[in-house]
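Working notes, structure below.
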Amino acid sequence: MQTLVINKRGQLKIQQMMIMLLAVTLFFVLAGMLVLVTQVSNLKASSTIIQSDNAKLLASKIADSAEFSCGASFGTVEMSSCIDADKVINLKNFIKEYGGGNFWGVQGLQIRKIYPDNSGIECTSSNFPNCDVITLIPINGTGVSNFVSLCGQYNVNGQIYSRCDLAKIIISYQGS
Amino acid sequence: MIQNKKAQEEMVGFALIVIIVSVILLVFLGFFLSRPNNQSTKSYEAVSFVQSMLQYSTQCQDYYGYIPVSNMILMCSSEVSCSNANNSCTCNFGSLCNGNNCINSCSILNSTLNGILNKSWIVGQGSSTKGYSLNITSSNGGIFSIKAGNITSNSEGAIQNLPSKVGIPVNVLFNWYY
């Protein structure tokens with residue numbers, strides 16, 4: 001009779017342990033699933049953010065590339081985030097030779113003056129500097145932008161001056 | 001006696017499980033909290049803004065032509081005047097301007113910076129920019145300071161030091177809040 005009671009107690013202990021192990025395992029499985037679901041649901045948002053971030057960095061990289069940058073043309077030192085308007089207006093005429101944007105991996109590329117006030121006049125070699133937008137490749141949808149200074153030679157009362165305005169380089173990319 | 005020992009063993013086991021679960025939870029928590037915040041491009045935007053702003057040509061001129069904001073800051077700090085187009089203020093080498101119609105460089109700097117900030121960072125509902133602040137200081141004191149919108153806990157900024165000819169360096173600190 002005493003042996004039976006001890007056996008029963010032993011079984012009870014084993015059952016307790018099993019329930020405990022099951023509970024702990026279940027807890028970790030549920031916690032793992034929760035983490036997994038959160039991670040997966042954030043994947044698409046993360047991919048969009050990464051794409052947008054890369055595009056912003058690309059916008060800055062393009063502004064500092066040889067085809068766009070001022071170099072030391074408007075000062076004694078090389079300036080970063082500075083676009084030479086004369087270079088870009090000439091580049092506009094040869095944009096097809098750059099694969100219509102494939103060279104930089106963008107679908108749209110535009111430089112828009114933001115200060116002083118602009119009236120949205122498209123720049124050509126004949127109306128510069130009395131214009132505000134240089135469209136190299138038309139922007140489709142919304143693009144990403146970064147600040148640059150747009151520098152060029154201005155004719156003021158017959159005298160040639162260099163001046164820099166505040167502008168934004170806007171690019172659109174696949175998925176934007 | 002044996003039953004007491006068993007109860008102690010069970011308590012130790014339970015405590016062990018509690019400790020293991022707590023450690024694992026802490027590891028999970030630590031992992032989530034220490035995930036890097038991917039805000040580098042936002043900071044890059046602020047840096048680009050500061051660089052572009054400093055290169056902007058103001059309406060003031062000296063012997064060399066239009067004066068960029070970076071030089072206007074130093075001129076304002078040293079209380080040097082500048083010339084507007086078509087007036088009797090004459091400027092010589094070294095940005096020294098003399099004459100009755102010379103303009104106070106600080107007033108031009110203030111209006112230029114206010115204009116640039118208003119056009120560049122649209123603060124308000126529907127905008128991702130909640131606010132911004134720009135502080136330009138030298139060891140002699142403040143040169144320009146502005147705050148607009150709300151100061152939130154999410155911010156990115158850029159700082160630029162401008163070396164001065166007279167040996168007093170100037171700091172430009174820009175922050176934007178989102």
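Each chain in the structure tokens gets a letter, A, B and so on, in the order shown; residues start at 1 in every chain, and ligands are counted from 1 in the order they appear.
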
- Message: Show me, as a ChimeraX atom specification, every residue of chain A with an atom at most 9 Å from chain B, counting only C-alpha atoms.
- Response: /A:24,49-50,53-54,56-57,60,79-82,114-117,145-151,161-167

- Message: I want to know what sits within 12 Å of B:Glu79, based on only C-alpha atoms, with residues of the same chain fewer than 3 positions away left out; could you give that as a list of chain:residue names?
- Response: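 The neighbour list is B:Asn71, B:Met72, B:Ile73, B:Leu74, B:Met75, B:Cys76, B:Cys82, B:Ser95, B:Leu96, B:Cys97, B:Cys102, B:Ile103, B:Asn104, B:Ser105, B:Cys106, B:Ser107, B:Leu109, B:Asn140, B:Ile143, B:Val166.
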
- Item | B:Ile168 environment, 10 Å, only C-alpha atoms, sequence neighbours closer than 3 positions dropped, as a list in words |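 Once the nearby chain positions are removed, what remains is Leu74, Ser77, Ser78, Ser138, Ser139, Asn140, Leu162, Pro163, Ser164, Lys165 and Asn171 of chain B.
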
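Residues lying within 12 Å of A:Ser126, counting only C-alpha atoms and ignoring same-chain neighbours fewer than 5 positions away, are Asp86, Ile89, Asn90 and Cys131 of chain A.
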
Same residues, C-alpha atoms, saved as a PDB file, in the first residue's frame:
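Contents of the output file out-v9.pdb:
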```pdb
ATOM      1  CA  ASP A  86      26.467  76.048 -66.549  1.00  0.00           C
ATOM      2  CA  ILE A  89      22.483  73.171 -68.596  1.00  0.00           C
ATOM      3  CA  ASN A  90      25.036  71.885 -71.100  1.00  0.00           C
ATOM      4  CA  CYS A 131      14.862  80.657 -64.521  1.00  0.00           C
TER       5      CYS A 131
END
```

- Item | Distance criterion (only C-alpha atoms): nearest to A:Asp84 out of A:Gln153, A:Ala23, A:Phe28, A:Gln174 | A:Gln153

- Tell me, in Å to one decimal, how far atom CA of A:Ile19 is from atom CA of B:Ser22. 19.4 Å

- Close residues, A:Asn130 itself excluded, 12 Å, only C-alpha atoms, min 4 positions apart in chain, as a list in words: Lys113, Pro116, Asp117, Asn118, Ser119, Gly120, Ile121, Glu122, Cys123, Thr124, Ser125, Ser126, Ile134, Gly152, Gln153, Tyr154, Asn155 and Val156 of chain A

When DSSP is applied to the backbone of this structure, which of stretch 45-97 of chain A are assigned strand (DSSP E or B)? Write them out as a PDB file with C-alpha atoms, in the first residue's frame.
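Final file, selection.pdb:
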```pdb
ATOM      1  CA  SER A  69      29.934  69.677 -59.048  1.00  0.00           C
ATOM      2  CA  CYS A  82      27.469  72.572 -54.948  1.00  0.00           C
ATOM      3  CA  ILE A  83      26.151  72.250 -58.509  1.00  0.00           C
ATOM      4  CA  ASP A  84      27.559  74.205 -61.434  1.00  0.00           C
TER       5      ASP A  84
END
```

- Residues of stretch 1-177 of chain B in helix (DSSP H, G or I), written as a count of residues only: 76

- Please measure the separation of atom CA of B:Thr129 and atom CA of A:Gln107, giving the value in Å to one decimal. 26.4 Å

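Interatomic distance, atom CA of A:Arg112 to atom CA of A:Lys168: 5.3 Å.
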